[in-house]
file target_4.cif (mmCIF, C-alpha atoms)
data_query
loop_
_atom_site.label_atom_id
_atom_site.label_comp_id
_atom_site.auth_asym_id
_atom_site.auth_seq_id
_atom_site.Cartn_x
_atom_site.Cartn_y
_atom_site.Cartn_z
CA MET A 1 94.36 154.19 90.90
CA VAL A 2 94.19 150.55 89.86
CA ASP A 3 95.34 148.11 92.53
CA ILE A 4 96.19 144.56 91.53
CA SER A 5 99.17 143.44 93.60
CA TYR A 6 98.14 145.14 96.86
CA PRO A 7 94.90 143.16 97.40
CA ALA A 8 96.77 139.97 96.47
CA VAL A 9 99.39 140.66 99.14
CA ILE A 10 96.69 141.35 101.71
CA ALA A 11 95.09 138.00 100.89
CA ALA A 12 98.49 136.30 101.20
CA ALA A 13 99.07 138.01 104.56
CA ARG A 14 95.74 136.77 105.87
CA THR A 15 96.74 133.25 104.82
CA TRP A 16 100.08 133.68 106.63
CA PHE A 17 98.26 134.82 109.80
CA LYS A 18 96.04 131.74 109.65
CA LEU A 19 98.64 129.10 108.78
CA GLY A 20 101.22 130.53 111.17
CA ASP A 21 98.65 131.04 113.92
CA LEU A 22 99.77 134.65 114.16
CA ARG A 23 97.29 136.02 116.64
CA ILE A 24 96.40 139.61 115.79
CA ASN A 25 94.93 141.26 118.88
CA MET A 26 93.54 144.54 117.55
CA THR A 27 91.44 147.23 119.15
CA GLY A 28 90.19 150.61 117.96
CA GLU A 29 89.94 149.87 114.23
CA GLU A 30 86.59 151.69 114.25
CA ASN A 31 88.62 154.92 114.62
CA ILE A 32 89.67 154.59 110.99
CA PRO A 33 87.04 156.21 108.74
CA THR A 34 85.54 154.08 106.00
CA GLU A 35 86.00 156.93 103.52
CA GLY A 36 87.86 160.22 103.20
CA GLY A 37 91.45 161.11 103.91
CA ALA A 38 93.17 160.16 107.18
CA LEU A 39 96.82 159.93 108.20
CA LEU A 40 97.95 156.95 110.29
CA ALA A 41 100.99 157.62 112.52
CA VAL A 42 102.57 154.22 113.23
CA ASN A 43 105.44 153.20 115.52
CA HIS A 44 108.26 151.29 113.81
CA LEU A 45 109.63 148.05 115.24
CA SER A 46 110.32 145.76 112.30
CA TYR A 47 110.62 145.26 108.57
CA VAL A 48 107.14 143.70 108.43
CA ASP A 49 105.40 146.75 109.90
CA TYR A 50 104.22 147.78 106.43
CA ILE A 51 102.20 144.56 106.29
CA ILE A 52 100.89 144.56 109.86
CA ALA A 53 100.17 148.31 109.97
CA GLY A 54 98.06 147.94 106.84
CA PHE A 55 95.81 145.42 108.58
CA PRO A 56 93.56 147.95 110.42
CA GLY A 57 92.81 149.73 107.15
CA ALA A 58 92.16 146.44 105.39
CA GLU A 59 89.64 145.54 108.08
CA ARG A 60 87.84 148.77 107.14
CA HIS A 61 88.07 147.76 103.45
CA ARG A 62 90.73 150.36 102.72
CA LEU A 63 94.29 150.31 101.36
CA THR A 64 96.96 152.30 103.19
CA ARG A 65 99.56 154.20 101.15
CA PHE A 66 102.72 154.25 103.25
CA MET A 67 105.45 156.85 103.14
CA ALA A 68 108.85 155.17 102.85
CA LYS A 69 112.44 156.22 102.34
CA ARG A 70 113.55 156.62 98.73
CA GLU A 71 116.21 153.92 99.09
CA VAL A 72 113.44 151.30 99.26
CA PHE A 73 112.06 152.53 95.93
CA ASP A 74 115.54 152.39 94.40
CA HIS A 75 115.86 148.68 95.20
CA PRO A 76 115.52 146.52 92.04
CA VAL A 77 112.98 144.22 93.72
CA GLY A 78 111.42 146.36 96.43
CA GLY A 79 111.03 149.43 94.22
CA PRO A 80 108.56 147.96 91.70
CA VAL A 81 106.57 146.40 94.54
CA MET A 82 106.33 149.69 96.45
CA ARG A 83 105.29 151.55 93.31
CA SER A 84 102.65 148.94 92.49
CA PHE A 85 101.13 149.58 95.94
CA HIS A 86 101.15 153.33 95.21
CA HIS A 87 103.23 154.00 98.31
CA ILE A 88 104.96 157.38 98.65
CA SER A 89 108.70 157.88 98.18
CA VAL A 90 110.41 160.22 100.66
CA ASP A 91 113.93 161.61 100.32
CA ARG A 92 115.09 161.83 103.93
CA SER A 93 117.56 164.60 103.09
CA ALA A 94 114.81 166.74 101.55
CA GLY A 95 111.41 165.45 102.49
CA ALA A 96 109.25 168.40 101.37
CA GLU A 97 108.30 166.74 98.07
CA GLY A 98 107.17 163.55 99.76
CA MET A 99 105.14 165.55 102.28
CA MET A 100 103.43 167.43 99.46
CA VAL A 101 102.55 164.16 97.69
CA ALA A 102 101.18 162.71 100.92
CA ALA A 103 99.04 165.80 101.57
CA ARG A 104 97.69 165.65 98.02
CA LYS A 105 96.73 161.99 98.37
CA LEU A 106 95.03 162.76 101.68
CA ARG A 107 93.00 165.55 100.08
CA GLU A 108 92.00 163.06 97.39
CA GLY A 109 90.55 160.85 100.11
CA GLU A 110 93.36 158.30 100.52
CA LEU A 111 94.41 156.57 103.73
CA VAL A 112 98.12 157.33 104.21
CA GLY A 113 100.55 155.79 106.69
CA ILE A 114 103.64 157.45 108.15
CA PHE A 115 106.30 156.24 110.58
CA PRO A 116 107.04 159.45 112.54
CA GLU A 117 110.05 157.95 114.34
CA ALA A 118 111.69 157.95 110.87
CA THR A 119 113.60 154.74 111.59
CA LEU A 120 113.29 151.44 113.46
CA SER A 121 113.22 151.73 117.24
CA ARG A 122 115.83 149.30 118.55
CA SER A 123 114.64 149.86 122.12
CA PHE A 124 111.11 148.84 121.02
CA GLN A 125 109.83 151.94 122.79
CA ILE A 126 108.62 155.16 121.16
CA LYS A 127 111.51 157.25 119.88
CA ASP A 128 111.34 161.02 119.52
CA LEU A 129 108.94 161.80 116.69
CA LYS A 130 109.47 164.05 113.70
CA SER A 131 106.87 166.80 113.34
CA GLY A 132 106.02 165.88 109.74
CA SER A 133 102.96 163.84 110.66
CA VAL A 134 101.13 166.69 112.41
CA ARG A 135 102.19 169.17 109.71
CA ILE A 136 100.95 166.93 106.88
CA ALA A 137 97.62 166.26 108.62
CA ALA A 138 97.13 169.97 109.34
CA ASP A 139 98.02 170.92 105.76
CA ALA A 140 95.59 168.38 104.29
CA GLY A 141 92.87 169.07 106.86
CA VAL A 142 92.48 165.40 107.82
CA PRO A 143 92.48 163.49 111.13
CA LEU A 144 95.77 162.12 112.46
CA ILE A 145 95.25 158.65 113.92
CA PRO A 146 97.93 157.03 116.12
CA VAL A 147 98.50 153.32 115.49
CA VAL A 148 100.80 151.32 117.77
CA LEU A 149 102.13 147.83 117.13
CA PHE A 150 103.87 145.40 119.46
CA GLY A 151 105.29 141.97 118.66
CA THR A 152 106.29 142.51 115.03
CA GLN A 153 109.94 142.78 116.12
CA ARG A 154 109.89 139.05 116.91
CA ILE A 155 109.31 138.29 113.22
CA LEU A 156 112.02 140.39 111.52
CA THR A 157 113.88 143.38 112.90
CA LYS A 158 117.28 144.98 112.60
CA GLY A 159 120.11 142.61 113.52
CA ARG A 160 117.84 139.55 113.67
CA LYS A 161 117.02 136.79 111.19
CA LEU A 162 113.52 136.12 109.91
CA ASP A 163 111.62 134.06 112.49
CA LEU A 164 108.27 132.60 111.45
CA THR A 165 107.73 130.59 114.62
CA ARG A 166 104.03 129.80 114.98
CA HIS A 167 101.62 130.62 117.82
CA ARG A 168 102.71 134.19 118.48
CA THR A 169 100.76 137.34 119.25
CA VAL A 170 100.97 140.76 117.66
CA GLY A 171 99.12 143.59 119.33
CA ILE A 172 97.64 146.54 117.43
CA GLU A 173 95.90 149.52 118.99
CA VAL A 174 94.30 152.21 116.85
CA GLY A 175 93.86 155.38 118.88
CA GLU A 176 91.29 158.13 118.75
CA PRO A 177 91.85 160.72 115.99
CA MET A 178 93.74 163.92 116.64
CA HIS A 179 92.97 167.05 114.65
CA PRO A 180 96.21 169.06 114.34
CA THR A 181 95.94 172.71 113.40
CA GLY A 182 99.62 173.20 112.63
CA THR A 183 99.81 176.31 114.82
CA ASP A 184 102.17 174.58 117.27
CA PRO A 185 103.69 171.47 115.63
CA VAL A 186 106.07 170.89 118.55
CA ALA A 187 103.26 170.70 121.11
CA GLU A 188 101.05 168.63 118.82
CA THR A 189 103.92 166.21 118.15
CA ALA A 190 104.51 165.91 121.91
CA GLU A 191 100.83 165.07 122.36
CA LEU A 192 101.04 162.43 119.63
CA LYS A 193 104.08 160.86 121.28
CA ALA A 194 102.39 160.83 124.70
CA ARG A 195 99.36 159.07 123.24
CA MET A 196 101.51 156.49 121.46
CA GLU A 197 103.51 155.82 124.64
CA GLN A 198 100.29 155.14 126.56
CA MET A 199 99.05 152.84 123.83
CA LEU A 200 102.33 150.92 123.72
CA ASP A 201 102.28 150.54 127.50
CA ARG A 202 98.83 148.94 127.28
CA LEU A 203 99.91 146.57 124.50
CA ILE A 204 102.99 145.43 126.42
CA ARG A 205 101.11 144.94 129.69
CA ASN A 206 98.35 143.01 127.88
CA HIS A 207 100.75 140.76 125.92
CA PRO A 208 100.18 137.09 126.82
CA ALA A 209 102.45 136.31 129.77
CA ASP A 210 103.05 132.74 128.58
CA GLU A 211 104.89 134.10 125.51
CA ILE A 212 107.37 136.20 127.50
CA GLU A 213 110.59 134.43 128.46
CA PRO A 214 112.89 135.94 131.14
CA ASN A 215 115.09 138.75 129.80
CA ALA A 216 113.41 138.49 126.40
CA TRP A 217 115.48 140.28 123.75
CA TRP A 218 112.31 141.67 122.17
CA MET A 219 110.95 143.17 125.38
CA PRO A 220 111.91 146.75 126.36
CA LYS A 221 114.31 146.90 129.29
CA ALA A 222 111.83 149.02 131.25
CA TYR A 223 109.47 146.01 131.18
CA GLY A 224 111.99 143.38 132.25
CA GLY A 225 113.47 142.57 128.85
CA SER A 226 117.01 142.91 127.56
CA ALA A 227 116.44 145.28 124.62
CA PRO A 228 118.64 148.40 124.58
CA THR A 229 117.36 151.42 126.48
CA LEU A 230 116.23 154.44 124.49
CA GLU A 231 119.58 156.09 125.22
CA GLU A 232 121.60 153.02 124.23
CA ALA A 233 119.56 152.61 121.05
CA GLU A 234 120.10 156.27 120.14
CA ALA A 235 123.87 155.84 120.55
CA MET A 236 123.71 152.80 118.23
CA TYR A 237 121.75 154.80 115.68
CA ALA A 238 124.20 157.70 115.86
CA GLU A 239 127.08 155.31 115.15
CA GLU A 240 125.16 153.86 112.17
CA ARG A 241 124.67 157.38 110.79
CA ARG A 242 128.40 158.08 111.09
CA GLU A 243 129.25 154.82 109.32
CA ARG A 244 126.70 155.54 106.57
CA ALA A 245 128.11 159.04 106.06
CA ALA A 246 131.64 157.61 105.89
CA ARG A 247 130.58 155.11 103.23
CA LYS A 248 128.98 157.89 101.18
CA ARG A 249 132.14 159.99 101.39
CA ALA A 250 134.29 157.04 100.36
CA LYS A 251 131.99 156.28 97.44
CA ALA A 252 132.04 159.91 96.29
CA GLN A 253 135.82 160.03 96.49
CA ALA A 254 136.12 156.79 94.52
CA LYS A 255 134.03 158.32 91.72
CA LYS A 256 136.35 161.31 91.50
CA ARG A 257 139.40 159.11 90.92
#
call {"tool": "encode", "arguments": {"input": "target_4.cif", "output": "structure tokens"}}
result
Amino acid sequence: MVDISYPAVIAAARTWFKLGDLRINMTGEENIPTEGGALLAVNHLSYVDYIIAGFPGAERHRLTRFMAKREVFDHPVGGPVMRSFHHISVDRSAGAEGMMVAARKLREGELVGIFPEATLSRSFQIKDLKSGSVRIAADAGVPLIPVVLFGTQRILTKGRKLDLTRHRTVGIEVGEPMHPTGTDPVAETAELKARMEQMLDRLIRNHPADEIEPNAWWMPKAYGGSAPTLEEAEAMYAEERRERAARKRAKAQAKKR
């Protein structure tokens, strides 16, 4: 594959980090192999996670091909960009095709990224994970590497405006590889979630204290912030799903008239 726009965006991101004094505190990047297929399982906090989660791979001189919902590829602006990066389109109502493409790219030696929570976590904690990540890694015979971010939600997340305030910290931890067999995807997914929860806990506890205001909206409630709890966030997501389904029904009915 020929990559032209992707390296340019990485260079632009590095410039943004420098000019905005965005402090990337990253550990564990050595867990990403310099060659061969590997699947990165990343938590999802914000709309800039595709940029930040690609940073560990870039530090290892690799490009990460992210799996993303098909709606992003259908966007008149976002679609061409995603395709130019050779990212992977996934139909959330029937994801088998996207999983097959991801497994093929992994067998070809690509670094692939997946967000196993399947949507943004509005609690900023780890949501229940889909089993697709362990099944894809097992199918392709590649390591599954947990990657956890914290702080990206302060830049741009659901319900918030873009905030490019300078002198902020984003934490990234790249965990040790797992090697799923696929014999028990439920148990292997539970292990992945447990690892990601431990990693997130470390990132939150190590976040610079001087950046944390009382009742910070971007801090999980369990850590003294005012973000929704996991249960409250799930209720919000369930309501969004109902509203989305209602809009689809209304649109379908309008077409029939």
call {"tool": "resolve_selection", "arguments": {"input": "target_4.cif", "expression": "the PyMOL selection byres ((chain A and resi 155-171) around 9)", "output": "PDB file with C-alpha atoms, keeping the file's coordinate frame"}}
result
ATOM      1  CA  LEU A  19      98.640 129.100 108.780  1.00  0.00           C
ATOM      2  CA  GLY A  20     101.220 130.530 111.170  1.00  0.00           C
ATOM      3  CA  ASP A  21      98.650 131.040 113.920  1.00  0.00           C
ATOM      4  CA  LEU A  22      99.770 134.650 114.160  1.00  0.00           C
ATOM      5  CA  ARG A  23      97.290 136.020 116.640  1.00  0.00           C
ATOM      6  CA  ILE A  24      96.400 139.610 115.790  1.00  0.00           C
ATOM      7  CA  ASN A  25      94.930 141.260 118.880  1.00  0.00           C
ATOM      8  CA  MET A  26      93.540 144.540 117.550  1.00  0.00           C
ATOM      9  CA  THR A  27      91.440 147.230 119.150  1.00  0.00           C
ATOM     10  CA  LEU A  45     109.630 148.050 115.240  1.00  0.00           C
ATOM     11  CA  SER A  46     110.320 145.760 112.300  1.00  0.00           C
ATOM     12  CA  TYR A  47     110.620 145.260 108.570  1.00  0.00           C
ATOM     13  CA  VAL A  48     107.140 143.700 108.430  1.00  0.00           C
ATOM     14  CA  ILE A  52     100.890 144.560 109.860  1.00  0.00           C
ATOM     15  CA  LEU A 120     113.290 151.440 113.460  1.00  0.00           C
ATOM     16  CA  ARG A 122     115.830 149.300 118.550  1.00  0.00           C
ATOM     17  CA  VAL A 148     100.800 151.320 117.770  1.00  0.00           C
ATOM     18  CA  LEU A 149     102.130 147.830 117.130  1.00  0.00           C
ATOM     19  CA  PHE A 150     103.870 145.400 119.460  1.00  0.00           C
ATOM     20  CA  GLY A 151     105.290 141.970 118.660  1.00  0.00           C
ATOM     21  CA  THR A 152     106.290 142.510 115.030  1.00  0.00           C
ATOM     22  CA  GLN A 153     109.940 142.780 116.120  1.00  0.00           C
ATOM     23  CA  ARG A 154     109.890 139.050 116.910  1.00  0.00           C
ATOM     24  CA  ILE A 172      97.640 146.540 117.430  1.00  0.00           C
ATOM     25  CA  GLU A 173      95.900 149.520 118.990  1.00  0.00           C
ATOM     26  CA  LEU A 203      99.910 146.570 124.500  1.00  0.00           C
ATOM     27  CA  ILE A 204     102.990 145.430 126.420  1.00  0.00           C
ATOM     28  CA  ASN A 206      98.350 143.010 127.880  1.00  0.00           C
ATOM     29  CA  HIS A 207     100.750 140.760 125.920  1.00  0.00           C
ATOM     30  CA  PRO A 208     100.180 137.090 126.820  1.00  0.00           C
ATOM     31  CA  GLU A 211     104.890 134.100 125.510  1.00  0.00           C
TER      32      GLU A 211
END
call {"tool": "resolve_selection", "arguments": {"input": "target_4.cif", "expression": "the PyMOL selection byres ((chain A and resi 64) around 8)", "output": "ChimeraX atom specification"}}
result
/A:54,57-58,62-63,65-66,110-113
call {"tool": "resolve_selection", "arguments": {"input": "target_4.cif", "expression": "the PyMOL selection byres ((chain A and resi 136) around 8)", "output": "compact mmCIF listing (two decimals) with C-alpha atoms, in the coordinates of the input"}}
result
# COMPACT_ATOMS: atom_id res chain seq x y z
CA MET A 99 105.14 165.55 102.28
CA MET A 100 103.43 167.43 99.46
CA ALA A 102 101.18 162.71 100.92
CA ALA A 103 99.04 165.80 101.57
CA GLY A 132 106.02 165.88 109.74
CA SER A 133 102.96 163.84 110.66
CA VAL A 134 101.13 166.69 112.41
CA ARG A 135 102.19 169.17 109.71
CA ALA A 137 97.62 166.26 108.62
CA ALA A 138 97.13 169.97 109.34
CA ASP A 139 98.02 170.92 105.76
CA ALA A 140 95.59 168.38 104.29
call {"tool": "residues_near_point", "arguments": {"input": "target_4.cif", "point": "(93.7, 161.1, 112.2)", "cutoff": "8 Å", "atoms": "only C-alpha atoms", "output": "PyMOL selection string"}}
result
chain A and resi 32+38-40+137+142-146+176-179
call {"tool": "write_last_selection", "arguments": {"input": "target_4.cif", "atoms": "C-alpha atoms", "output": "PDB file, in the coordinates of the input"}}
result
ATOM      1  CA  ILE A  32      89.670 154.590 110.990  1.00  0.00           C
ATOM      2  CA  ALA A  38      93.170 160.160 107.180  1.00  0.00           C
ATOM      3  CA  LEU A  39      96.820 159.930 108.200  1.00  0.00           C
ATOM      4  CA  LEU A  40      97.950 156.950 110.290  1.00  0.00           C
ATOM      5  CA  ALA A 137      97.620 166.260 108.620  1.00  0.00           C
ATOM      6  CA  VAL A 142      92.480 165.400 107.820  1.00  0.00           C
ATOM      7  CA  PRO A 143      92.480 163.490 111.130  1.00  0.00           C
ATOM      8  CA  LEU A 144      95.770 162.120 112.460  1.00  0.00           C
ATOM      9  CA  ILE A 145      95.250 158.650 113.920  1.00  0.00           C
ATOM     10  CA  PRO A 146      97.930 157.030 116.120  1.00  0.00           C
ATOM     11  CA  GLU A 176      91.290 158.130 118.750  1.00  0.00           C
ATOM     12  CA  PRO A 177      91.850 160.720 115.990  1.00  0.00           C
ATOM     13  CA  MET A 178      93.740 163.920 116.640  1.00  0.00           C
ATOM     14  CA  HIS A 179      92.970 167.050 114.650  1.00  0.00           C
TER      15      HIS A 179
END
call {"tool": "atom_distance", "arguments": {"input": "target_4.cif", "atom1": "atom CA of Val186 of chain A", "atom2": "atom CA of Ile114 of chain A"}}
result
17.2 Å
call {"tool": "residues_around", "arguments": {"input": "target_4.cif", "residues": "Ala118 of chain A", "least_positions_apart": "3", "cutoff": "8 Å", "atoms": "all atoms listed in the file", "output": "short mmCIF file (atom, residue, chain, number, x, y, z; two decimals) with C-alpha atoms, keeping the file's coordinate frame"}}
result
data_model
loop_
_atom_site.label_atom_id
_atom_site.label_comp_id
_atom_site.auth_asym_id
_atom_site.auth_seq_id
_atom_site.Cartn_x
_atom_site.Cartn_y
_atom_site.Cartn_z
CA PHE A 115 106.30 156.24 110.58
CA LEU A 129 108.94 161.80 116.69
CA LYS A 130 109.47 164.05 113.70
#
call {"tool": "residues_around", "arguments": {"input": "target_4.cif", "residues": "segment 220-234 of chain A", "least_positions_apart": "5", "cutoff": "9 Å", "atoms": "all atoms listed in the file", "output": "JSON, numbers by chain"}}
result
{"A": [121, 122, 123, 124, 125, 126, 127, 204, 205, 212, 213, 214, 215, 239]}
call {"tool": "atom_distance", "arguments": {"input": "target_4.cif", "atom1": "atom CA of Thr181 of chain A", "atom2": "atom CA of Gln198 of chain A"}}
result
22.4 Å
call {"tool": "atom_distance", "arguments": {"input": "target_4.cif", "atom1": "atom CA of Asn31 of chain A", "atom2": "atom CA of Ala96 of chain A"}}
result
28.0 Å
call {"tool": "closest_residue", "arguments": {"input": "target_4.cif", "among": "A:Gly28, A:Gly37, A:Arg70, A:Pro116", "to": "Thr189 of chain A", "atoms": "only C-alpha atoms"}}
result
A:Pro116
call {"tool": "residues_around", "arguments": {"input": "target_4.cif", "residues": "segment 80-89 of chain A", "least_positions_apart": "5", "cutoff": "8 Å", "atoms": "only C-alpha atoms", "output": "NGL selection string"}}
result
:A and (3-6 or 65-70 or 72-73 or 98 or 101-102)
call {"tool": "closest_residue", "arguments": {"input": "target_4.cif", "among": "A:Gly141, A:Val174, A:Val147, A:Ala11", "to": "His44 of chain A", "atoms": "all atoms listed in the file"}}
result
A:Val147
call {"tool": "closest_residue", "arguments": {"input": "target_4.cif", "among": "A:Asn43, A:Lys256, A:Pro33, A:Ala53", "to": "Ala13 of chain A", "atoms": "all atoms listed in the file"}}
result
A:Ala53
call {"tool": "decode", "arguments": {"input": "target_4.cif", "residues": "segment 65-86 of chain A", "atoms": "N, CA, C and O atoms", "output": "PDB file, in the first residue's frame"}}
result
ATOM      1  N   ARG A  65      -3.633   0.713  11.165  1.00  0.00           N
ATOM      2  CA  ARG A  65      -4.875   0.723  10.383  1.00  0.00           C
ATOM      3  C   ARG A  65      -6.033   0.487  11.354  1.00  0.00           C
ATOM      4  O   ARG A  65      -6.206  -0.610  11.882  1.00  0.00           O
ATOM      5  N   PHE A  66      -6.829   1.521  11.581  1.00  0.00           N
ATOM      6  CA  PHE A  66      -7.898   1.415  12.571  1.00  0.00           C
ATOM      7  C   PHE A  66      -9.201   0.906  11.964  1.00  0.00           C
ATOM      8  O   PHE A  66      -9.559   1.260  10.837  1.00  0.00           O
ATOM      9  N   MET A  67      -9.897   0.110  12.741  1.00  0.00           N
ATOM     10  CA  MET A  67     -11.245  -0.307  12.383  1.00  0.00           C
ATOM     11  C   MET A  67     -12.202   0.784  12.857  1.00  0.00           C
ATOM     12  O   MET A  67     -12.110   1.252  13.990  1.00  0.00           O
ATOM     13  N   ALA A  68     -13.116   1.188  11.976  1.00  0.00           N
ATOM     14  CA  ALA A  68     -14.043   2.273  12.309  1.00  0.00           C
ATOM     15  C   ALA A  68     -15.409   1.993  11.699  1.00  0.00           C
ATOM     16  O   ALA A  68     -15.517   1.302  10.682  1.00  0.00           O
ATOM     17  N   LYS A  69     -16.433   2.536  12.320  1.00  0.00           N
ATOM     18  CA  LYS A  69     -17.792   2.296  11.838  1.00  0.00           C
ATOM     19  C   LYS A  69     -17.976   2.848  10.424  1.00  0.00           C
ATOM     20  O   LYS A  69     -17.368   3.844  10.036  1.00  0.00           O
ATOM     21  N   ARG A  70     -18.820   2.152   9.662  1.00  0.00           N
ATOM     22  CA  ARG A  70     -19.014   2.474   8.253  1.00  0.00           C
ATOM     23  C   ARG A  70     -19.519   3.903   8.044  1.00  0.00           C
ATOM     24  O   ARG A  70     -19.214   4.534   7.023  1.00  0.00           O
ATOM     25  N   GLU A  71     -20.265   4.433   9.009  1.00  0.00           N
ATOM     26  CA  GLU A  71     -20.801   5.784   8.868  1.00  0.00           C
ATOM     27  C   GLU A  71     -19.691   6.815   8.668  1.00  0.00           C
ATOM     28  O   GLU A  71     -19.884   7.824   7.980  1.00  0.00           O
ATOM     29  N   VAL A  72     -18.539   6.579   9.282  1.00  0.00           N
ATOM     30  CA  VAL A  72     -17.410   7.507   9.110  1.00  0.00           C
ATOM     31  C   VAL A  72     -16.929   7.495   7.668  1.00  0.00           C
ATOM     32  O   VAL A  72     -16.604   8.529   7.082  1.00  0.00           O
ATOM     33  N   PHE A  73     -16.917   6.306   7.057  1.00  0.00           N
ATOM     34  CA  PHE A  73     -16.466   6.170   5.669  1.00  0.00           C
ATOM     35  C   PHE A  73     -17.492   6.739   4.690  1.00  0.00           C
ATOM     36  O   PHE A  73     -17.140   7.085   3.560  1.00  0.00           O
ATOM     37  N   ASP A  74     -18.745   6.821   5.125  1.00  0.00           N
ATOM     38  CA  ASP A  74     -19.791   7.383   4.264  1.00  0.00           C
ATOM     39  C   ASP A  74     -19.795   8.906   4.264  1.00  0.00           C
ATOM     40  O   ASP A  74     -20.455   9.525   3.430  1.00  0.00           O
ATOM     41  N   HIS A  75     -19.080   9.509   5.209  1.00  0.00           N
ATOM     42  CA  HIS A  75     -19.041  10.968   5.306  1.00  0.00           C
ATOM     43  C   HIS A  75     -18.288  11.548   4.109  1.00  0.00           C
ATOM     44  O   HIS A  75     -17.229  11.017   3.713  1.00  0.00           O
ATOM     45  N   PRO A  76     -18.803  12.632   3.490  1.00  0.00           N
ATOM     46  CA  PRO A  76     -18.152  13.169   2.282  1.00  0.00           C
ATOM     47  C   PRO A  76     -16.731  13.673   2.500  1.00  0.00           C
ATOM     48  O   PRO A  76     -15.930  13.704   1.553  1.00  0.00           O
ATOM     49  N   VAL A  77     -16.405  14.073   3.734  1.00  0.00           N
ATOM     50  CA  VAL A  77     -15.044  14.543   4.025  1.00  0.00           C
ATOM     51  C   VAL A  77     -14.244  13.445   4.718  1.00  0.00           C
ATOM     52  O   VAL A  77     -13.133  13.103   4.309  1.00  0.00           O
ATOM     53  N   GLY A  78     -14.828  12.888   5.772  1.00  0.00           N
ATOM     54  CA  GLY A  78     -14.115  11.874   6.544  1.00  0.00           C
ATOM     55  C   GLY A  78     -13.846  10.603   5.767  1.00  0.00           C
ATOM     56  O   GLY A  78     -12.796   9.963   5.942  1.00  0.00           O
ATOM     57  N   GLY A  79     -14.778  10.213   4.884  1.00  0.00           N
ATOM     58  CA  GLY A  79     -14.628   8.976   4.133  1.00  0.00           C
ATOM     59  C   GLY A  79     -13.356   8.912   3.309  1.00  0.00           C
ATOM     60  O   GLY A  79     -12.564   7.966   3.443  1.00  0.00           O
ATOM     61  N   PRO A  80     -13.116   9.908   2.425  1.00  0.00           N
ATOM     62  CA  PRO A  80     -11.880   9.873   1.633  1.00  0.00           C
ATOM     63  C   PRO A  80     -10.614   9.871   2.490  1.00  0.00           C
ATOM     64  O   PRO A  80      -9.625   9.226   2.138  1.00  0.00           O
ATOM     65  N   VAL A  81     -10.664  10.580   3.613  1.00  0.00           N
ATOM     66  CA  VAL A  81      -9.499  10.608   4.507  1.00  0.00           C
ATOM     67  C   VAL A  81      -9.248   9.222   5.085  1.00  0.00           C
ATOM     68  O   VAL A  81      -8.118   8.720   5.083  1.00  0.00           O
ATOM     69  N   MET A  82     -10.317   8.589   5.594  1.00  0.00           N
ATOM     70  CA  MET A  82     -10.166   7.256   6.198  1.00  0.00           C
ATOM     71  C   MET A  82      -9.649   6.243   5.168  1.00  0.00           C
ATOM     72  O   MET A  82      -8.794   5.412   5.483  1.00  0.00           O
ATOM     73  N   ARG A  83     -10.177   6.343   3.953  1.00  0.00           N
ATOM     74  CA  ARG A  83      -9.724   5.408   2.916  1.00  0.00           C
ATOM     75  C   ARG A  83      -8.274   5.659   2.524  1.00  0.00           C
ATOM     76  O   ARG A  83      -7.527   4.720   2.235  1.00  0.00           O
ATOM     77  N   SER A  84      -7.851   6.923   2.530  1.00  0.00           N
ATOM     78  CA  SER A  84      -6.466   7.230   2.178  1.00  0.00           C
ATOM     79  C   SER A  84      -5.492   6.696   3.215  1.00  0.00           C
ATOM     80  O   SER A  84      -4.336   6.428   2.913  1.00  0.00           O
ATOM     81  N   PHE A  85      -5.983   6.523   4.461  1.00  0.00           N
ATOM     82  CA  PHE A  85      -5.154   5.950   5.537  1.00  0.00           C
ATOM     83  C   PHE A  85      -5.211   4.425   5.531  1.00  0.00           C
ATOM     84  O   PHE A  85      -4.557   3.790   6.338  1.00  0.00           O
ATOM     85  N   HIS A  86      -6.041   3.864   4.637  1.00  0.00           N
ATOM     86  CA  HIS A  86      -6.234   2.416   4.563  1.00  0.00           C
ATOM     87  C   HIS A  86      -6.798   1.850   5.866  1.00  0.00           C
ATOM     88  O   HIS A  86      -6.445   0.731   6.271  1.00  0.00           O
TER      89      HIS A  86
END
